[in-house]
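Source file: run.json; contents: JSON, C-alpha atoms.
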```
[["chain", "number", "residue", "atom", "x", "y", "z"],
["A", 1, "MET", "CA", 57.83, -0.35, 10.38],
["A", 2, "ASN", "CA", 57.62, -3.86, 9.03],
["A", 3, "ASN", "CA", 55.71, -4.84, 5.89],
["A", 4, "ASP", "CA", 52.83, -6.49, 7.77],
["A", 5, "ARG", "CA", 52.02, -3.36, 9.75],
["A", 6, "ARG", "CA", 52.51, -1.21, 6.65],
["A", 7, "LYS", "CA", 50.01, -3.40, 4.75],
["A", 8, "ARG", "CA", 47.50, -3.19, 7.61],
["A", 9, "ILE", "CA", 47.74, 0.59, 7.70],
["A", 10, "ASN", "CA", 47.35, 0.75, 3.91],
["A", 11, "SER", "CA", 44.23, -1.40, 4.21],
["A", 12, "ALA", "CA", 42.88, 0.93, 6.89],
["A", 13, "LEU", "CA", 43.68, 3.93, 4.66],
["A", 14, "ILE", "CA", 41.55, 2.49, 1.87],
["A", 15, "LYS", "CA", 38.63, 1.96, 4.27],
["A", 16, "LEU", "CA", 39.02, 5.42, 5.80],
["A", 17, "ALA", "CA", 39.09, 7.06, 2.37],
["A", 18, "LYS", "CA", 35.80, 5.33, 1.50],
["A", 19, "ILE", "CA", 34.23, 6.47, 4.77],
["A", 20, "GLN", "CA", 35.50, 10.00, 4.21],
["A", 21, "ASP", "CA", 33.93, 10.01, 0.74],
["A", 22, "ASP", "CA", 30.62, 8.82, 2.20],
["A", 23, "VAL", "CA", 30.63, 11.48, 4.92],
["A", 24, "GLN", "CA", 31.59, 14.16, 2.37],
["A", 25, "MET", "CA", 28.65, 13.11, 0.20],
["A", 26, "ILE", "CA", 26.28, 13.32, 3.17],
["A", 27, "TYR", "CA", 27.71, 16.74, 4.04],
["A", 28, "ASP", "CA", 27.14, 17.96, 0.47],
["A", 29, "GLU", "CA", 23.57, 16.63, 0.45],
["A", 30, "GLU", "CA", 22.75, 18.23, 3.81],
["A", 31, "GLU", "CA", 24.24, 21.55, 2.70],
["A", 32, "MET", "CA", 22.20, 21.45, -0.53],
["A", 33, "ALA", "CA", 19.06, 20.60, 1.45],
["A", 34, "PHE", "CA", 19.68, 23.54, 3.79],
["A", 35, "ASP", "CA", 20.39, 25.90, 0.88],
["A", 36, "SER", "CA", 17.10, 24.94, -0.76],
["A", 37, "LEU", "CA", 15.04, 25.63, 2.38],
["A", 38, "PRO", "CA", 12.78, 28.66, 2.21],
["A", 39, "GLU", "CA", 14.33, 31.64, 4.00],
["A", 40, "ASN", "CA", 11.73, 31.53, 6.81],
["A", 41, "LEU", "CA", 12.72, 27.93, 7.64],
["A", 42, "LYS", "CA", 16.46, 28.56, 7.70],
["A", 43, "ASP", "CA", 16.11, 30.39, 11.04],
["A", 44, "SER", "CA", 13.71, 27.79, 12.47],
["A", 45, "ASP", "CA", 14.66, 24.97, 14.83],
["A", 46, "ARG", "CA", 14.91, 22.65, 11.84],
["A", 47, "GLY", "CA", 17.23, 25.02, 10.01],
["A", 48, "CYS", "CA", 19.41, 25.50, 13.08],
["A", 49, "CYS", "CA", 19.68, 21.74, 13.57],
["A", 50, "MET", "CA", 20.65, 21.33, 9.93],
["A", 51, "GLN", "CA", 23.34, 24.00, 10.28],
["A", 52, "ASP", "CA", 24.70, 22.25, 13.38],
["A", 53, "ALA", "CA", 24.79, 18.94, 11.54],
["A", 54, "ILE", "CA", 26.56, 20.57, 8.59],
["A", 55, "GLY", "CA", 29.19, 22.00, 10.92],
["A", 56, "HIS", "CA", 29.78, 18.64, 12.60],
["A", 57, "LEU", "CA", 29.97, 16.83, 9.28],
["A", 58, "GLU", "CA", 32.48, 19.35, 7.96],
["A", 59, "GLU", "CA", 34.58, 18.92, 11.10],
["A", 60, "ALA", "CA", 34.42, 15.13, 10.72],
["A", 61, "VAL", "CA", 35.61, 15.29, 7.12],
["A", 62, "GLN", "CA", 38.51, 17.55, 8.10],
["A", 63, "SER", "CA", 39.44, 15.30, 11.03],
["A", 64, "MET", "CA", 39.41, 12.23, 8.81],
["A", 65, "GLU", "CA", 41.57, 14.08, 6.29],
["A", 66, "GLU", "CA", 44.12, 14.75, 9.04],
["A", 67, "LEU", "CA", 43.94, 11.12, 10.20],
["A", 68, "ILE", "CA", 44.52, 9.83, 6.67],
["A", 69, "GLU", "CA", 47.47, 12.18, 6.20],
["A", 70, "SER", "CA", 49.01, 11.09, 9.53],
["A", 71, "LEU", "CA", 48.67, 7.40, 8.70],
["A", 72, "ALA", "CA", 50.08, 7.95, 5.21],
["A", 73, "ASP", "CA", 53.03, 9.75, 6.77],
["A", 74, "ALA", "CA", 53.54, 6.86, 9.19],
["A", 75, "VAL", "CA", 53.88, 4.28, 6.41],
["A", 76, "SER", "CA", 56.26, 6.45, 4.42],
["A", 77, "TYR", "CA", 59.07, 5.79, 6.90]]
```
Using C-alpha cells, write down the structure that the file contains.
Amino acid sequence: MNNDRRKRINSALIKLAKIQDDVQMIYDEEEMAFDSLPENLKDSDRGCCMQDAIGHLEEAVQSMEELIESLADAVSY
C-alpha cells in the first residue's frame, strides 16, 4: 500500500474512532436510562423499544470495533 492510501485510511480511522466513541456514549446513556426505569415500565412497549435500541447500539459498537481493527491491519502491511 502506498503512503497516500495509508494516510487516507489513517484519517478514516481517526474519524471512525470518534464515531465509535459517540455511539458508545449513547449506548451507555440509553442503558443507564433503561436501568433507572421503574420495574413496571421495563416490560412495557417503551422498555422493550429501549432494550432493542440498546442491543442495536451494542452491535454497532462491536461492528465498528471490527472495522477499525481490519483497517488498522490493512495499513500495517
Query raised in the report: So how far away is atom CA of Met50 of chain A from atom CA of Tyr27 of chain A, in Å?
Result: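 Atom-to-atom, atom CA of Tyr27 of chain A and atom CA of Met50 of chain A are spaced 10.3 Å apart.
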Query raised in the report: In Å to one decimal, how far is atom CA of Asp28 of chain A from atom CA of Glu65 of chain A?
Result: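 Between atom CA of Glu65 of chain A and atom CA of Asp28 of chain A the gap is 16.0 Å.
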Report task. Quick one: everything within 10 Å of segment 3-15 of chain A, counting all atoms listed in the file, minus sequence neighbours fewer than 6 positions away in the same chain. Send it as a list in words. Result ->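 Surrounding residues, per the criterion: Asp21, Leu67, Ile68, Glu69, Leu71, Ala72, Ala74, Val75, Ser76 and Tyr77 of chain A.
Here the question is which of A:Met1, A:Val61, A:Gln51, A:Asp43 gets nearest to Gln24 of chain A using only C-alpha atoms, and that residue is A:Val61.
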Draw an axis-aligned box tight on the listed atoms of segment 72-75 of chain A, then pad every side by 3 Å and write out centre and edge lengths in Å to one decimal as JSON.
```
{"center_x": 52.0, "center_y": 7.0, "center_z": 7.2, "size_x": 9.8, "size_y": 11.5, "size_z": 10.0}
```
Query raised in the report: If we count only C-alpha atoms, what is near Leu37 of chain A at a cut-off of 12 Å, once residues fewer than 4 positions away on the same chain are taken out, given as a PyMOL selection string?
Result: chain A and resi 30-33+41-44+46-48+50-51
Report task. Would you mind reading off the distance between atom CA of Asn2 of chain A and atom CA of Met64 of chain A, one decimal, in Å? Result ->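 Value for the atom CA of Asn2 of chain A-atom CA of Met64 of chain A distance: 24.3 Å.
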